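*Asks:* Here it is: the structure, laid out below.
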Amino acid sequence: MTAEETRAALASTFGVEVTSAPVMSVTVSPDRWEELGRFAKETLGCRFFSFLSAVDWKEQGLEVVAKVDNLDDNVSLLLKTRLGPGVTTCSSLTPVYRGADWMERECFDMFGIRFENHPDLRRILLEDTWEGHPLLKSYAVDTPHPPYR
Amino acid sequence: MALDPPVPIVPAPIWRNFKDLQEWEELHKTRPEGDKHSALFESITEGIHSFPGGFVVTTAADAFLNWARKSSVWPVTFGLACCAIEMMATFASRFDVERLGMVPWASPRHSDLMIVSGTVTIKMAPMLLRIYDQMPDPKWAVSMGSCANSGGPFRHGYHVVKGVDRVIPVDVYVPGCPPPPESLLNGLLLLQDQIAHFNKTGKKAPPNPKVD
């Protein structure tokens, strides 16, 4: 499926605007997040899960970003969803893409986003006793952590 | 017309109010002195030293033991980050620390020296302390590079220990990012000089101008 066909399919199925510069990206509401992932994999042929991360927009809430690629037709697609202020739950993409497993664990570790239906949502980089989620803008780096900090 | 020479304006030492420095000084006030000798050995040598003329024995023993210690400092191979590459270069044939009696050894239980080469994260610090505790006394530690000295470029990050001296006592700090092998070699020579100046079989000597 070429880039134009991908864009047309996304616009007709989800009824949202698909931006094309600098990379083709689509923003959906959080309740259609898993549906978007399944559509991207099965219909659009974006079978390669590149990465998943999040952006902290402070009082506007968190935004989850994932990039999936169609390696056959050289199309890459950026999936976005705004969780809204104060919301820390999001549906998981792990049932669709197995590669999303560790990415979502890292996202939980750094941003504290609870991915529903994730099989094994634990911290992946920091130790289990760590308090807080350090990539949030509200995280205080100067918090004492004796004797190391 | 005579002109007054310009008076240099010295700014107030605002770094004294720096919170990190105060924390660091607090930490070093409470640090126990001397893991370089055993209490039994110290009591024996204290006994000999208190005899009339006993200092001849203890100073001769000092000289011999210090010579032996400084000539066979075995560093445990403990590489953490990019500084480890420079440490390996120091161990390799071009710089050749074996001529100083240093054999890079892969077990902390046979080693005398730990070269902390790289960034110490908060997650790694307990393991570092555990390896350090496995080394038999007397033991020494060299902090290599900016990260191990103070946290370096990652000092204000969320996961980095602000200097390995918050975890283990450090004898020689080698600056640089990373320090070249010549710099580390200089640090190791300073460490040997420091070892040679230990007094009374293990107690710390008066300040050595070359090191302190």
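Residues in the structure tokens are named by chain (A, B, ... in the order shown) and by number from 1 within that chain; ligands are numbered from 1 in the order shown.
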Tell me as a list in words which residues belonging to chain B come within 10 Å of chain A, counting only C-alpha atoms.

*Replies:*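 The answer, sorted by residue number, is Asp20, Glu23, Trp24, Leu27, Val120, Thr121, Ile122, Lys123, Ala125, Arg155, His156, Gly157, Tyr158, His159, Val160, Val161, Lys162, Gly163, Val164, Asp165, Arg166 and Val167 of chain B.
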
*Asks:* Could you pull the residues within 7 Å of stretch 20-30 of chain A, counting only C-alpha atoms, minus those fewer than 2 positions along the same chain, as a list of chain:residue names?

*Replies:*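 The neighbour list is A:Glu17, A:Val18, A:Arg32, A:Trp33, A:Ser76, A:Leu77, A:Leu78, A:Leu79, A:Lys80, A:Thr81, A:Arg82, A:Leu83, A:Cys90.
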
*Asks:* Would you save the residues of that selection, restricted to N, CA, C and O atoms, as a PDB file, in the first residue's frame?

*Replies:*
ATOM      1  N   GLU A  17      -7.594  14.043  10.377  1.00  0.00           N
ATOM      2  CA  GLU A  17      -6.651  14.613   9.430  1.00  0.00           C
ATOM      3  C   GLU A  17      -5.307  13.886   9.521  1.00  0.00           C
ATOM      4  O   GLU A  17      -4.823  13.613  10.623  1.00  0.00           O
ATOM      5  N   VAL A  18      -4.729  13.560   8.388  1.00  0.00           N
ATOM      6  CA  VAL A  18      -3.433  12.881   8.350  1.00  0.00           C
ATOM      7  C   VAL A  18      -2.410  13.883   7.860  1.00  0.00           C
ATOM      8  O   VAL A  18      -2.479  14.355   6.727  1.00  0.00           O
ATOM      9  N   ARG A  32      -9.698   4.759  20.639  1.00  0.00           N
ATOM     10  CA  ARG A  32      -9.496   4.080  19.359  1.00  0.00           C
ATOM     11  C   ARG A  32      -8.027   3.717  19.130  1.00  0.00           C
ATOM     12  O   ARG A  32      -7.632   3.399  18.021  1.00  0.00           O
ATOM     13  N   TRP A  33      -7.225   3.746  20.189  1.00  0.00           N
ATOM     14  CA  TRP A  33      -5.769   3.569  20.054  1.00  0.00           C
ATOM     15  C   TRP A  33      -5.420   2.157  19.595  1.00  0.00           C
ATOM     16  O   TRP A  33      -4.688   1.952  18.622  1.00  0.00           O
ATOM     17  N   SER A  76       6.295   4.946   6.365  1.00  0.00           N
ATOM     18  CA  SER A  76       6.360   4.960   7.824  1.00  0.00           C
ATOM     19  C   SER A  76       5.254   5.868   8.348  1.00  0.00           C
ATOM     20  O   SER A  76       4.895   6.868   7.721  1.00  0.00           O
ATOM     21  N   LEU A  77       4.735   5.486   9.496  1.00  0.00           N
ATOM     22  CA  LEU A  77       3.530   6.126  10.007  1.00  0.00           C
ATOM     23  C   LEU A  77       3.708   6.390  11.489  1.00  0.00           C
ATOM     24  O   LEU A  77       4.169   5.522  12.240  1.00  0.00           O
ATOM     25  N   LEU A  78       3.368   7.609  11.896  1.00  0.00           N
ATOM     26  CA  LEU A  78       3.484   7.987  13.303  1.00  0.00           C
ATOM     27  C   LEU A  78       2.089   8.010  13.908  1.00  0.00           C
ATOM     28  O   LEU A  78       1.217   8.727  13.433  1.00  0.00           O
ATOM     29  N   LEU A  79       1.878   7.205  14.942  1.00  0.00           N
ATOM     30  CA  LEU A  79       0.583   7.136  15.609  1.00  0.00           C
ATOM     31  C   LEU A  79       0.656   7.939  16.890  1.00  0.00           C
ATOM     32  O   LEU A  79       1.609   7.790  17.658  1.00  0.00           O
ATOM     33  N   LYS A  80      -0.338   8.792  17.122  1.00  0.00           N
ATOM     34  CA  LYS A  80      -0.334   9.630  18.322  1.00  0.00           C
ATOM     35  C   LYS A  80      -1.690   9.576  18.983  1.00  0.00           C
ATOM     36  O   LYS A  80      -2.707   9.391  18.317  1.00  0.00           O
ATOM     37  N   THR A  81      -1.674   9.740  20.308  1.00  0.00           N
ATOM     38  CA  THR A  81      -2.934   9.919  21.018  1.00  0.00           C
ATOM     39  C   THR A  81      -2.697  10.800  22.228  1.00  0.00           C
ATOM     40  O   THR A  81      -1.674  10.693  22.894  1.00  0.00           O
ATOM     41  N   ARG A  82      -3.639  11.716  22.469  1.00  0.00           N
ATOM     42  CA  ARG A  82      -3.576  12.589  23.638  1.00  0.00           C
ATOM     43  C   ARG A  82      -4.411  11.983  24.751  1.00  0.00           C
ATOM     44  O   ARG A  82      -5.607  11.752  24.570  1.00  0.00           O
ATOM     45  N   LEU A  83      -3.774  11.737  25.913  1.00  0.00           N
ATOM     46  CA  LEU A  83      -4.504  11.090  26.995  1.00  0.00           C
ATOM     47  C   LEU A  83      -5.376  12.066  27.769  1.00  0.00           C
ATOM     48  O   LEU A  83      -6.251  11.655  28.508  1.00  0.00           O
ATOM     49  N   CYS A  90      -3.771   4.007  29.356  1.00  0.00           N
ATOM     50  CA  CYS A  90      -3.843   3.965  27.902  1.00  0.00           C
ATOM     51  C   CYS A  90      -3.987   2.493  27.535  1.00  0.00           C
ATOM     52  O   CYS A  90      -3.508   1.621  28.251  1.00  0.00           O
TER      53      CYS A  90
END

*Asks:* Could you work out how far atom CA of B:Lys70 lies from atom CA of B:Gln134, giving the answer in Å with one decimal?

*Replies:*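 For atom CA of B:Gln134 relative to atom CA of B:Lys70, the distance reads 20.1 Å.
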
*Asks:* With distances taken over only C-alpha atoms, which of B:Glu182, B:Thr59, B:Gly118, B:Pro126 is nearest to B:Ser150?

*Replies:*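 With only C-alpha atoms as the atom set, the closest residue is B:Gly118.
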
*Asks:* As a VMD selection string, list the residues of chain A assigned to alpha helix (DSSP H) by DSSP on the backbone atoms of this structure.

*Replies:* chain A and resid 3 to 14 33 to 42 100 to 111

*Asks:* What lies within 9 Å of B:Ile195 using only C-alpha atoms, ignoring chain neighbours under 6 positions off, as JSON, numbers by chain?

*Replies:* {"B": [66, 67, 69, 70]}

*Asks:* With only C-alpha atoms as the counted atoms, please give the residues lying no more than 6 Å from B:Val76, apart from itself and same-chain residues fewer than 5 positions off, as a list of chain:residue names.

*Replies:*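 With the cut-off at 6 Å, the set is B:Pro104, B:Trp105, B:Ala106, B:Pro108, B:Ser111, B:Met114.
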